[in-house]
$ cat query04.cif   # mmCIF, C-alpha atoms
data_data
loop_
_atom_site.label_atom_id
_atom_site.label_comp_id
_atom_site.auth_asym_id
_atom_site.auth_seq_id
_atom_site.Cartn_x
_atom_site.Cartn_y
_atom_site.Cartn_z
CA MET A 1 48.93 96.35 47.37
CA LYS A 2 48.13 95.72 43.69
CA ARG A 3 46.88 92.40 42.43
CA GLY A 4 48.21 90.78 39.26
CA GLY A 5 47.70 92.96 36.19
CA GLU A 6 46.65 96.01 38.24
CA LEU A 7 50.06 97.68 37.94
CA LEU A 8 48.65 99.30 34.81
CA ARG A 9 46.45 101.35 37.19
CA HIS A 10 49.35 102.07 39.54
CA ARG A 11 50.07 105.66 38.50
CA ASP A 12 53.53 105.91 40.01
CA PHE A 13 54.64 102.62 38.49
CA VAL A 14 53.31 103.75 35.10
CA ARG A 15 55.38 106.95 35.46
CA LEU A 16 58.52 104.93 36.19
CA TRP A 17 57.67 102.55 33.36
CA SER A 18 57.13 105.45 30.94
CA ALA A 19 60.38 107.10 32.01
CA GLN A 20 62.26 103.87 31.38
CA THR A 21 60.60 103.40 27.99
CA VAL A 22 61.54 106.87 26.79
CA SER A 23 65.13 106.74 27.99
CA GLN A 24 65.59 103.19 26.67
CA LEU A 25 64.41 104.30 23.22
CA GLY A 26 66.91 107.14 23.20
CA SER A 27 69.69 104.90 24.52
CA GLN A 28 69.13 102.44 21.70
CA VAL A 29 69.60 105.27 19.21
CA SER A 30 72.89 106.39 20.79
CA GLY A 31 73.96 102.76 21.33
CA LEU A 32 74.13 102.50 17.54
CA ALA A 33 75.13 106.10 16.85
CA LEU A 34 78.09 106.37 19.27
CA PRO A 35 80.21 103.58 17.73
CA LEU A 36 79.16 104.75 14.27
CA VAL A 37 80.53 108.21 15.11
CA ALA A 38 83.83 106.52 15.91
CA VAL A 39 83.78 104.29 12.80
CA LEU A 40 82.31 106.59 10.13
CA VAL A 41 83.15 110.11 11.32
CA LEU A 42 86.42 109.71 13.22
CA HIS A 43 87.61 106.59 11.31
CA ALA A 44 88.79 104.95 14.52
CA SER A 45 90.56 101.60 14.59
CA ALA A 46 88.87 98.43 15.88
CA PHE A 47 90.81 98.75 19.13
CA ARG A 48 89.71 102.37 19.67
CA VAL A 49 86.09 101.47 18.99
CA ALA A 50 86.34 98.60 21.48
CA LEU A 51 87.94 100.98 23.98
CA LEU A 52 84.82 103.15 23.75
CA GLY A 53 82.80 100.24 25.09
CA THR A 54 85.40 99.74 27.82
CA VAL A 55 85.17 103.35 28.96
CA GLU A 56 81.36 103.25 29.04
CA MET A 57 81.35 100.22 31.35
CA LEU A 58 84.38 101.15 33.50
CA PRO A 59 82.29 103.14 36.03
CA PHE A 60 80.52 99.92 37.08
CA LEU A 61 83.90 98.55 38.12
CA LEU A 62 84.98 101.78 39.84
CA PHE A 63 81.83 103.16 41.45
CA ALA A 64 79.18 100.45 41.83
CA LEU A 65 80.12 99.43 45.39
CA PRO A 66 80.12 102.91 46.99
CA THR A 67 77.00 103.76 44.99
CA GLY A 68 75.18 100.89 46.68
CA VAL A 69 76.06 102.31 50.10
CA TRP A 70 74.88 105.80 49.15
CA VAL A 71 71.64 104.49 47.65
CA ASP A 72 70.88 102.58 50.86
CA ARG A 73 71.37 105.81 52.84
CA MET A 74 69.03 108.09 50.87
CA ALA A 75 65.72 108.36 49.02
CA ARG A 76 66.09 106.71 45.64
CA ARG A 77 63.66 108.71 43.48
CA PRO A 78 65.76 111.92 43.46
CA VAL A 79 68.77 109.84 42.39
CA LEU A 80 66.83 108.80 39.26
CA VAL A 81 66.02 112.40 38.33
CA VAL A 82 69.53 113.79 38.83
CA ALA A 83 71.16 110.87 36.99
CA ASP A 84 68.88 111.39 33.99
CA LEU A 85 69.60 115.12 33.77
CA LEU A 86 73.37 114.70 34.00
CA ARG A 87 73.38 111.99 31.32
CA ALA A 88 71.36 114.32 29.07
CA ALA A 89 73.89 117.13 29.52
CA ALA A 90 76.85 114.87 28.70
CA LEU A 91 75.27 113.47 25.54
CA ALA A 92 74.19 116.92 24.34
CA SER A 93 77.86 117.94 24.16
CA ILE A 94 78.46 115.60 21.19
CA PRO A 95 76.19 117.27 18.58
CA ILE A 96 77.36 120.67 19.88
CA ALA A 97 81.02 119.72 19.36
CA ALA A 98 80.20 118.27 15.93
CA ALA A 99 78.54 121.52 14.90
CA LEU A 100 81.65 123.43 16.00
CA GLY A 101 83.95 121.00 14.15
CA SER A 102 85.81 120.04 17.33
CA LEU A 103 84.59 116.48 17.97
CA THR A 104 87.34 113.98 18.87
CA ILE A 105 87.54 110.37 20.01
CA TRP A 106 88.65 111.67 23.42
CA GLN A 107 85.36 113.51 23.84
CA LEU A 108 83.50 110.29 23.01
CA TYR A 109 85.50 108.56 25.73
CA ALA A 110 84.73 111.34 28.23
CA VAL A 111 81.01 111.32 27.44
CA GLY A 112 80.90 107.54 27.59
CA PHE A 113 82.54 107.61 31.04
CA VAL A 114 80.18 110.28 32.41
CA VAL A 115 77.07 108.56 31.03
CA GLY A 116 78.29 105.23 32.40
CA THR A 117 78.90 106.76 35.82
CA PHE A 118 75.38 108.11 36.20
CA THR A 119 73.92 104.95 34.71
CA VAL A 120 75.47 103.17 37.70
CA PHE A 121 73.54 105.47 40.05
CA PHE A 122 70.31 105.15 38.07
CA ASP A 123 70.37 101.37 37.73
CA VAL A 124 71.24 100.66 41.36
CA ALA A 125 68.61 103.16 42.55
CA TYR A 126 65.72 102.03 40.35
CA GLN A 127 66.19 98.31 41.05
CA SER A 128 66.29 99.12 44.76
CA TYR A 129 63.26 101.48 44.49
CA LEU A 130 60.98 99.05 42.66
CA PRO A 131 60.07 96.87 45.71
CA ALA A 132 59.01 99.98 47.65
CA LEU A 133 56.98 101.18 44.67
CA VAL A 134 55.01 98.04 43.76
CA GLY A 135 55.45 95.67 46.72
CA ARG A 136 57.54 92.52 46.75
CA ASP A 137 54.65 90.29 45.65
CA HIS A 138 54.53 92.05 42.28
CA LEU A 139 58.20 92.22 41.40
CA VAL A 140 58.02 89.67 38.58
CA GLU A 141 55.13 91.58 37.00
CA GLY A 142 56.90 94.91 37.49
CA ASN A 143 60.21 93.65 36.12
CA ALA A 144 58.44 91.96 33.20
CA LYS A 145 56.73 95.24 32.28
CA LEU A 146 60.00 97.14 32.52
CA GLU A 147 61.59 94.51 30.28
CA LEU A 148 58.63 94.92 27.91
CA SER A 149 59.41 98.62 27.57
CA ARG A 150 63.08 97.80 27.09
CA SER A 151 62.07 95.31 24.43
CA ALA A 152 59.90 97.80 22.57
CA ALA A 153 62.74 100.31 22.64
CA GLN A 154 65.24 97.74 21.43
CA ILE A 155 62.97 96.84 18.53
CA ALA A 156 62.20 100.41 17.46
CA GLY A 157 65.38 102.19 18.62
CA PRO A 158 68.03 100.72 16.32
CA GLY A 159 65.79 101.14 13.27
CA VAL A 160 65.10 104.74 14.21
CA GLY A 161 68.80 105.18 14.95
CA GLY A 162 69.80 103.80 11.56
CA VAL A 163 67.39 106.14 9.80
CA LEU A 164 68.55 109.14 11.84
CA VAL A 165 72.24 108.38 11.25
CA GLY A 166 71.56 108.14 7.52
CA ALA A 167 69.48 111.33 7.50
CA ILE A 168 71.32 113.69 9.87
CA THR A 169 74.59 111.81 10.58
CA ALA A 170 75.57 109.98 13.77
CA PRO A 171 76.61 112.93 16.01
CA TYR A 172 73.25 114.66 15.66
CA ALA A 173 71.30 111.43 16.15
CA ILE A 174 72.73 111.34 19.68
CA ALA A 175 70.72 114.50 20.48
CA VAL A 176 67.64 112.25 20.51
CA ASP A 177 69.07 110.32 23.45
CA ALA A 178 69.86 113.54 25.31
CA ALA A 179 66.24 114.67 24.89
CA SER A 180 64.96 111.27 26.04
CA PHE A 181 66.82 111.56 29.36
CA VAL A 182 65.28 115.00 29.99
CA TRP A 183 61.82 113.56 29.37
CA SER A 184 62.59 110.59 31.60
CA ALA A 185 63.67 112.94 34.41
CA LEU A 186 60.39 114.86 34.15
CA LEU A 187 58.36 111.65 34.40
CA ALA A 188 60.38 110.28 37.33
CA GLY A 189 60.05 113.62 39.09
CA ARG A 190 56.25 113.22 39.07
CA ILE A 191 56.34 109.95 41.06
CA ARG A 192 54.58 110.63 44.37
CA THR A 193 55.46 107.46 46.28
CA ARG A 194 57.97 108.34 48.97
CA GLU A 195 60.26 105.92 50.73
CA THR A 196 61.17 105.75 54.37
CA VAL A 197 64.68 107.20 54.43
CA PRO A 198 66.91 105.38 56.93
CA GLU A 199 67.81 107.49 59.95
CA ARG A 200 71.35 108.77 59.98
CA THR A 201 73.50 106.85 62.44
CA GLU A 202 76.79 107.86 63.97
CA ASP A 203 78.53 104.57 63.14
CA ARG A 204 78.30 104.83 59.35
CA ASN A 205 81.37 103.39 57.68
CA MET A 206 81.71 103.10 53.91
CA ARG A 207 84.18 100.21 53.96
CA ARG A 208 82.15 98.18 56.47
CA GLU A 209 78.88 98.74 54.60
CA ILE A 210 80.46 97.74 51.26
CA ALA A 211 81.81 94.58 52.90
CA GLU A 212 78.35 93.76 54.28
CA GLY A 213 76.85 93.95 50.79
CA LEU A 214 79.54 91.74 49.29
CA ARG A 215 79.28 89.18 52.10
CA TYR A 216 75.52 89.06 51.75
CA LEU A 217 75.86 88.32 48.04
CA LEU A 218 78.76 85.87 48.11
CA ARG A 219 77.84 83.81 51.17
CA ASP A 220 74.62 82.61 49.56
CA ALA A 221 75.45 79.81 47.11
CA ARG A 222 72.43 80.64 44.94
CA TRP A 223 73.62 84.17 44.33
CA ARG A 224 77.25 83.03 43.90
CA ALA A 225 76.30 80.68 41.06
CA PHE A 226 74.05 83.31 39.46
CA VAL A 227 76.69 86.04 39.62
CA ALA A 228 79.55 83.80 38.44
CA TYR A 229 77.60 82.81 35.33
CA VAL A 230 76.56 86.36 34.45
CA ALA A 231 80.03 87.79 35.07
CA ILE A 232 81.76 85.32 32.74
CA TYR A 233 78.96 85.59 30.18
CA ASN A 234 79.28 89.38 30.15
CA PHE A 235 83.04 89.12 29.70
CA GLY A 236 82.64 86.84 26.67
CA GLY A 237 79.72 88.83 25.32
CA ASN A 238 81.81 92.00 25.35
CA VAL A 239 84.75 90.28 23.67
CA LEU A 240 82.25 89.70 20.88
CA PHE A 241 80.12 92.83 20.96
CA SER A 242 82.98 95.33 21.35
CA ILE A 243 83.90 94.71 17.70
CA TYR A 244 80.42 93.78 16.41
CA VAL A 245 79.78 97.10 14.66
CA VAL A 246 83.28 97.16 13.14
CA TYR A 247 82.77 93.59 11.86
CA ALA A 248 79.29 94.36 10.49
CA VAL A 249 80.45 97.50 8.66
CA ARG A 250 83.93 96.52 7.45
CA THR A 251 83.64 92.75 6.91
CA LEU A 252 79.95 92.19 6.14
CA HIS A 253 79.59 95.65 4.51
CA LEU A 254 76.27 96.47 6.18
CA SER A 255 75.04 100.05 5.92
CA PRO A 256 73.80 101.96 9.01
CA GLY A 257 70.22 101.29 7.90
CA GLU A 258 70.87 97.56 7.48
CA LEU A 259 72.62 97.41 10.83
CA GLY A 260 69.65 99.16 12.45
CA LEU A 261 67.35 96.61 10.78
CA VAL A 262 69.41 93.73 12.23
CA PHE A 263 69.09 95.11 15.75
CA SER A 264 65.40 95.91 15.36
CA LEU A 265 64.43 92.47 14.04
CA GLY A 266 66.77 90.66 16.41
CA ASN A 267 65.33 92.53 19.36
CA LEU A 268 61.94 90.93 18.77
CA GLY A 269 63.40 88.29 21.06
CA TRP A 270 63.36 90.81 23.94
CA LEU A 271 59.65 91.38 23.38
CA ALA A 272 58.90 87.65 23.25
CA GLY A 273 60.89 87.06 26.43
CA ALA A 274 59.10 89.84 28.31
CA LEU A 275 55.71 88.40 27.30
CA LEU A 276 56.61 84.80 28.18
CA VAL A 277 58.65 85.17 31.36
CA ARG A 278 55.84 84.95 33.92
CA ARG A 279 54.21 81.79 32.55
CA VAL A 280 57.56 80.10 31.88
CA GLY A 281 58.81 80.70 35.41
CA ILE A 282 55.54 79.50 36.97
CA ARG A 283 55.44 76.33 34.88
CA PHE A 284 59.04 75.17 35.13
CA GLY A 285 60.42 76.85 38.26
CA ALA A 286 63.21 79.36 38.65
CA GLY A 287 66.18 76.97 38.53
CA PRO A 288 65.30 74.96 35.40
CA THR A 289 64.22 78.17 33.66
CA MET A 290 67.60 79.83 34.29
CA ILE A 291 69.55 76.74 33.20
CA VAL A 292 67.70 76.40 29.88
CA CYS A 293 68.02 80.14 29.25
CA GLY A 294 71.74 79.93 29.99
CA LEU A 295 72.12 77.28 27.29
CA LEU A 296 70.19 79.44 24.80
CA CYS A 297 72.17 82.59 25.61
CA GLY A 298 75.52 81.27 24.42
CA ALA A 299 75.54 78.84 21.49
CA PRO A 300 73.69 81.12 19.00
CA ASN A 301 76.59 83.58 19.24
CA PHE A 302 78.54 81.28 16.90
CA LEU A 303 76.18 82.39 14.09
CA VAL A 304 77.85 85.83 14.16
CA PRO A 305 81.38 84.82 13.03
CA LEU A 306 79.87 82.16 10.73
CA ALA A 307 77.67 84.69 8.91
CA PRO A 308 78.44 84.82 5.15
CA ARG A 309 78.26 88.19 3.43
CA SER A 310 75.43 86.97 1.18
CA LEU A 311 73.24 85.91 4.15
CA ALA A 312 74.62 88.14 6.88
CA ILE A 313 71.30 89.65 7.98
CA PRO A 314 69.43 86.32 8.52
CA PHE A 315 72.37 84.87 10.48
CA LEU A 316 72.73 87.92 12.73
CA VAL A 317 68.99 88.29 13.28
CA ALA A 318 68.48 84.61 14.14
CA ALA A 319 71.25 84.72 16.72
CA GLN A 320 69.96 87.88 18.31
CA ILE A 321 66.32 86.74 18.55
CA VAL A 322 67.16 83.55 20.47
CA ILE A 323 69.74 85.22 22.71
CA ALA A 324 67.54 88.20 23.53
CA LEU A 325 64.58 86.00 24.48
CA ALA A 326 66.73 83.87 26.75
CA ILE A 327 68.43 86.86 28.41
CA VAL A 328 65.13 88.53 29.28
CA VAL A 329 63.64 85.41 30.87
CA PHE A 330 66.89 84.68 32.73
CA ASN A 331 67.29 88.23 34.06
CA VAL A 332 63.69 88.75 35.16
CA THR A 333 63.64 85.38 36.92
CA GLY A 334 66.94 85.83 38.74
CA ILE A 335 66.70 89.51 39.63
CA SER A 336 63.10 89.19 40.87
CA LEU A 337 64.24 86.42 43.22
CA MET A 338 67.00 88.64 44.60
CA GLN A 339 64.70 91.63 45.06
CA ARG A 340 62.01 89.55 46.77
CA LEU A 341 64.34 87.77 49.19
CA THR A 342 66.65 90.62 50.18
CA PRO A 343 65.90 92.94 53.14
CA ASP A 344 65.30 96.51 51.97
CA ARG A 345 68.00 97.90 54.27
CA ILE A 346 70.70 96.18 52.18
CA LEU A 347 68.98 95.96 48.79
CA GLY A 348 70.97 98.84 47.29
CA ARG A 349 74.25 97.23 48.33
CA LEU A 350 73.16 93.84 47.00
CA ASN A 351 72.27 95.35 43.61
CA ALA A 352 75.51 97.35 43.58
CA SER A 353 77.64 94.34 44.55
CA ARG A 354 75.99 92.22 41.88
CA ARG A 355 76.49 94.89 39.24
CA TRP A 356 80.07 95.56 40.32
CA ILE A 357 80.90 91.94 39.62
CA VAL A 358 78.75 91.19 36.56
CA TRP A 359 79.15 94.55 34.84
CA GLY A 360 82.71 95.03 36.00
CA THR A 361 83.80 92.24 33.67
CA GLN A 362 82.38 94.06 30.65
CA PRO A 363 85.14 96.66 30.21
CA LEU A 364 87.69 93.85 30.62
CA GLY A 365 85.92 91.89 27.90
CA ALA A 366 85.73 94.93 25.62
CA VAL A 367 89.43 95.73 25.83
CA THR A 368 90.24 92.03 25.38
CA GLY A 369 88.07 91.98 22.26
CA GLY A 370 89.85 94.99 20.83
CA ALA A 371 93.28 93.53 21.55
CA LEU A 372 92.39 90.12 20.07
CA ALA A 373 90.86 91.70 16.96
CA THR A 374 94.12 93.56 16.38
CA THR A 375 96.23 90.39 16.67
CA ILE A 376 94.10 87.50 15.34
CA GLY A 377 91.40 89.28 13.31
CA LEU A 378 87.69 89.97 13.67
CA ARG A 379 86.10 86.56 12.96
CA PRO A 380 88.43 84.55 15.26
CA THR A 381 87.82 87.06 18.06
CA LEU A 382 84.06 86.72 17.62
CA ALA A 383 84.45 82.95 17.87
CA VAL A 384 86.39 83.31 21.14
CA GLY A 385 83.61 85.45 22.59
CA ALA A 386 80.98 82.92 21.46
CA ALA A 387 82.90 80.06 23.10
CA ILE A 388 83.14 81.88 26.43
CA THR A 389 79.41 82.71 26.50
CA THR A 390 78.58 79.06 25.74
CA LEU A 391 80.87 77.30 28.21
CA CYS A 392 80.08 79.47 31.25
CA VAL A 393 76.63 77.86 31.57
CA GLY A 394 78.36 75.22 33.69
CA PHE A 395 78.02 77.54 36.70
CA LEU A 396 74.22 77.21 36.51
CA PHE A 397 74.34 73.44 37.02
CA ALA A 398 75.37 74.01 40.66
CA GLU A 399 72.95 72.34 43.10
CA PRO A 400 71.48 75.57 44.53
CA ILE A 401 70.29 76.63 41.07
CA ARG A 402 69.12 73.19 39.91
CA SER A 403 66.91 72.78 42.97
CA LEU A 404 65.17 76.18 42.72
CA ARG A 405 61.63 75.13 41.80
CA ASP A 406 59.31 76.14 44.60
CA GLU A 407 59.38 79.35 46.66
CA PRO A 408 62.96 79.57 48.01
CA VAL A 409 63.86 80.31 51.59
CA PRO A 410 64.69 84.00 52.14
CA SER A 411 68.23 84.89 53.06
CA SER A 412 68.54 86.31 56.55
CA ASP A 413 69.37 89.94 57.30
CA PRO A 414 73.19 90.09 57.36
CA LEU A 415 73.12 93.01 59.76
CA LEU A 416 71.52 90.76 62.37
CA ARG A 417 73.32 87.48 61.72
CA ALA A 418 75.47 85.73 59.12
CA THR A 419 73.85 84.87 55.81
CA VAL A 420 72.24 81.43 55.63
CA GLU A 421 74.43 79.01 53.74
CA VAL A 422 72.60 76.86 51.19
CA ASP A 423 75.51 74.79 49.92
CA ALA A 424 74.65 71.17 49.30
#
$ encode --input "query04.cif" --output "structure tokens"
Amino acid sequence: MKRGGELLRHRDFVRLWSAQTVSQLGSQVSGLALPLVAVLVLHASAFRVALLGTVEMLPFLLFALPTGVWVDRMARRPVLVVADLLRAAALASIPIAAALGSLTIWQLYAVGFVVGTFTVFFDVAYQSYLPALVGRDHLVEGNAKLELSRSAAQIAGPGVGGVLVGAITAPYAIAVDAASFVWSALLAGRIRTRETVPERTEDRNMRREIAEGLRYLLRDARWRAFVAYVAIYNFGGNVLFSIYVVYAVRTLHLSPGELGLVFSLGNLGWLAGALLVRRVGIRFGAGPTMIVCGLLCGAPNFLVPLAPRSLAIPFLVAAQIVIALAIVVFNVTGISLMQRLTPDRILGRLNASRRWIVWGTQPLGAVTGGALATTIGLRPTLAVGAAITTLCVGFLFAEPIRSLRDEPVPSSDPLLRATVEVDA
């Protein structure tokens, strides 16, 4: 067991951390480049660009629940390696098609769906693998370090992406992300820590095991409040973000380089959040920390539709810094609690059930954003998304969240008895 700060000498954790850092950097490049391919190369409408975001997130709605069952049945490290390699292959098809002059919006949709599908597997597996890798006493430190790598990638990635798009065009910039997933797979493949794989039983039943994961999540009032907030926030956030690039390019007239600068500067908030999360949570407690972060995650979104063309960059950067900081602290605090208090035998299903709900609303938000933008315009749609992300904080004022200050009581193993109810 590693004491605080010693995860830097934990070789297998450092390998996982490095793999995440590399793939996150590449993903930030393609996160900017993919919609820019649709906007600048294929001249897609706002609705079609928003639909790209819908397709990328749709696998969380379709596959997250069975993925949680499969992840609980098998070793999780090989899942990370295979998911990385398959995402690399899908992304590599875009620059190849561009070179052959055959790139279409339908290929972008197909690649987005494939990448999203294997991101489901990767995310459920790595969040379920982390407790076995570092021990449950060091989950906040481990999650904070993983968020630190995400933060560094989010600061550097969009700037690099903007430069690459300007230098070699958007389709070829995506090759950087494909290479990053190959590198990530090599690093994850070198992790030596092995898990205890559950013995195969004769009474396995996919439907029953999915139901157990959902019941475990939804019968605990703490997790219900947490998941309800995040699900509605993600819906509103995707109403806004699904048309963000279209708005920035066509209304605010930002160039790819300027847009990359906005993301890079705004993502300094992710870095600040990753550095502050441990001391903030210790000082104020989990519940108050999540409530304050919920308030800070929503209201700054109104700066996006209010941004004037003459001061667009300061408005967008200010909003993103505050929101990113709050999201990091909120996520690390809440997810670390779930990982620490959930029995390992159902951790994959808990993570999958949570992601099915909170990420499953994202494609719905994206398609709603595209439809609204077509009917009422870009700025009004952005304002709708900002309002949703602000008002949903009401879920966090539920008693189970407000009272989370000291070490909470673990939820019981649902395979042995019903989940403990913590309703007031």
$ closest_atom_pairs --input "query04.cif" --of "range 219-322 of chain A" --to "range 44-63 of chain A" --cutoff "7 Å" --atoms "all atoms listed in the file" --output "CSV"
residue,atom,partner,partner_atom,distance
A:Ser242,CA,A:Ala50,CA,4.7
A:Ile243,CA,A:Ala50,CA,5.9
A:Val246,CA,A:Ala46,CA,6.4
$ residues_around --input "query04.cif" --residues "Arg349 in chain A" --least-positions-apart "2" --cutoff "6 Å" --atoms "only C-alpha atoms" --output "ChimeraX atom specification"
/A:68-69,213,346-347,351-353
$ closest_residue --input "query04.cif" --among "A:Phe330, A:Phe226, A:Trp17, A:Phe113" --to "Ile191 in chain A" --atoms "all atoms listed in the file"
A:Trp17
$ resolve_selection --input "query04.cif" --expression "the PyMOL selection byres ((chain A and resi 325) around 6)" --output "ChimeraX atom specification"
/A:269-270,273,322-324,326-328
$ closest_residue --input "query04.cif" --among "A:Gly348, A:Gly260, A:Gly116, A:Pro35" --to "Tyr129 in chain A" --atoms "all atoms listed in the file"
A:Gly348
$ closest_residue --input "query04.cif" --among "A:Ile321, A:Val163, A:Leu36, A:Ala179" --to "Leu261 in chain A" --atoms "all atoms listed in the file"
A:Val163
$ closest_residue --input "query04.cif" --among "A:Val249, A:Val230, A:Ile388, A:Leu275" --to "Ala299 in chain A" --atoms "all atoms listed in the file"
A:Ile388
$ atom_distance --input "query04.cif" --atom1 "CA of Ile313 in chain A" --atom2 "CA of Phe235 in chain A"
24.7 Å
$ atom_distance --input "query04.cif" --atom1 "CA of Leu303 in chain A" --atom2 "CA of Ala228 in chain A"
24.6 Å
$ resolve_selection --input "query04.cif" --expression "the PyMOL selection byres ((chain A and resi 372) around 12)" --output "list in words"
Ala46, Phe47, Ala50, Asn238, Val239, Leu240, Ser242, Ile243, Gly365, Ala366, Val367, Thr368, Gly369, Gly370, Ala371, Ala373, Thr374, Thr375, Ile376, Gly377, Leu378, Arg379, Pro380, Thr381, Leu382, Ala383, Val384 and Gly385 of chain A
$ closest_residue --input "query04.cif" --among "A:Leu311, A:Leu80, A:Leu42, A:Leu25" --to "Arg190 in chain A" --atoms "only C-alpha atoms"
A:Leu80
$ closest_residue --input "query04.cif" --among "A:Phe263, A:Tyr247, A:Trp359, A:Tyr233" --to "Thr389 in chain A" --atoms "all atoms listed in the file"
A:Tyr233
